[in-house]
Amino acid sequence: FLFLTGKPSKLNRTRLLYKLQQKNLLENSIWSFYPIKDKINQGHSTVPEITVDEYIDFTNKYQRQPDNVQFKPSGHSYFFIPIPYDVKLYNSTGFSIVSETVFNNTHSTDAVFITEKTWIPILNNHAFIIAGVPGILKQLSIMGFRTFEEYLPVKYDNILDHEQRLNAIVETVEFLVNNISILENDLIN
């Protein structure tokens with residue numbers, strides 16, 4: 001699978017990468033990870049079950065940049081343009097994990113904002129799992145897009161609890177990794 005994490009300031013992406021790593025799901029995947037070197041405590045707060053030293057080791061070991069995105073500091077965040085992108089990243093993987101900009105919004109499931117992180121896999125005809133706000137798959141379905149929910153063992157789109165939703169997403173990734181060869185024709189047609 002392909003997991004491009006985008007800007008380093010989105011802490012849910014660190015937790016998701018950590019959970020995927022803990023399940024040994026990164027071995028045959030392509031991912032990006034841009035830890036915030038000057039904000040170790042902030043990043044570490046997403047994985048409180050490990051020590052700060054273990055967090056630093058994790059960020060050093062799993063930092064990757066296969067998409068060659070260039071970041072520029074912009075105030076308290078980073079600015080980047082993910083386009084153009086390398087189409088080979090999509091052609092060499094079976095599905096994408098999309099880590100949307102907003103993940104922790106549980107106040108309203110009708111406030112769904114879909115970014116380029118979701119549109120790029122759709123443009124590349126790439127099946128996807130979205131780590132986004134509750135209701136994002138429903139919104140895409142209403143818009144006429146396939147969301148592949150019929151193939152997923154856990155329906156994570158309506159789970160409001162952040163940790164439970166991340167766990168369901170990881171369980172779904174694990175299912176797809178183990179069954180991609182069986183489902184491949186259904187996912188790309």
# chains A, B, ... in the order shown; residues from 1 in each chain; ligands from 1

$ residues_around --residues "Ile129 in chain A" --least-positions-apart "5" --cutoff "10 Å" --atoms "only C-alpha atoms" --output "list in words"
Phe3, Phe95, Ser96, Ile97, Val98, Ser99, Thr118, Leu137, Thr147, Phe148, Glu149, Leu152, Tyr156, Asp157, Ile169, Val170, Thr172, Val173 and Leu176 of chain A

$ residues_around --residues "Gln21 in chain A" --least-positions-apart "3" --cutoff "12 Å" --atoms "only C-alpha atoms" --output "VMD selection string"
chain A and resid 14 to 18 24 to 29 31 58 to 59 61 to 62 170 173 to 174

$ closest_residue --among "A:Leu160, A:Ile56, A:Ile142, A:Leu11" --to "Ile40 in chain A" --atoms "only C-alpha atoms"
A:Ile56

$ residues_around --residues "Thr93 in chain A" --least-positions-apart "2" --cutoff "9 Å" --atoms "only C-alpha atoms" --output "list in words"
Phe1, Leu2, Ser29, Ile30, Lys88, Leu89, Tyr90, Asn91, Phe95, Ser96 and His126 of chain A

$ select_by_dssp --residues "chain A" --states "helix (DSSP H, G or I)" --output "count of residues only"
78

$ residues_around --residues "Val133 in chain A" --least-positions-apart "2" --cutoff "7 Å" --atoms "only C-alpha atoms" --output "ChimeraX atom specification"
/A:102-105,112,135-136

$ closest_residue --among "A:Met143, A:Pro48, A:Tyr55, A:Tyr85" --to "Glu116 in chain A" --atoms "only C-alpha atoms"
A:Tyr85

$ atom_distance --atom1 "CA of Gly94 in chain A" --atom2 "CA of Asn60 in chain A"
26.5 Å

$ residues_around --residues "Arg13 in chain A" --least-positions-apart "5" --cutoff "10 Å" --atoms "only C-alpha atoms" --output "list in words"
Phe3, Leu4, Thr5, Gly6, Lys7, Pro8, Tyr18, Lys19, Phe33, Tyr34, Pro35, Gly43, Thr46, Val98, Ser99, Glu100, Thr101, Phe103, Ala131 and Leu166 of chain A

$ atom_distance --atom1 "CA of Asn125 in chain A" --atom2 "CA of Val87 in chain A"
11.0 Å
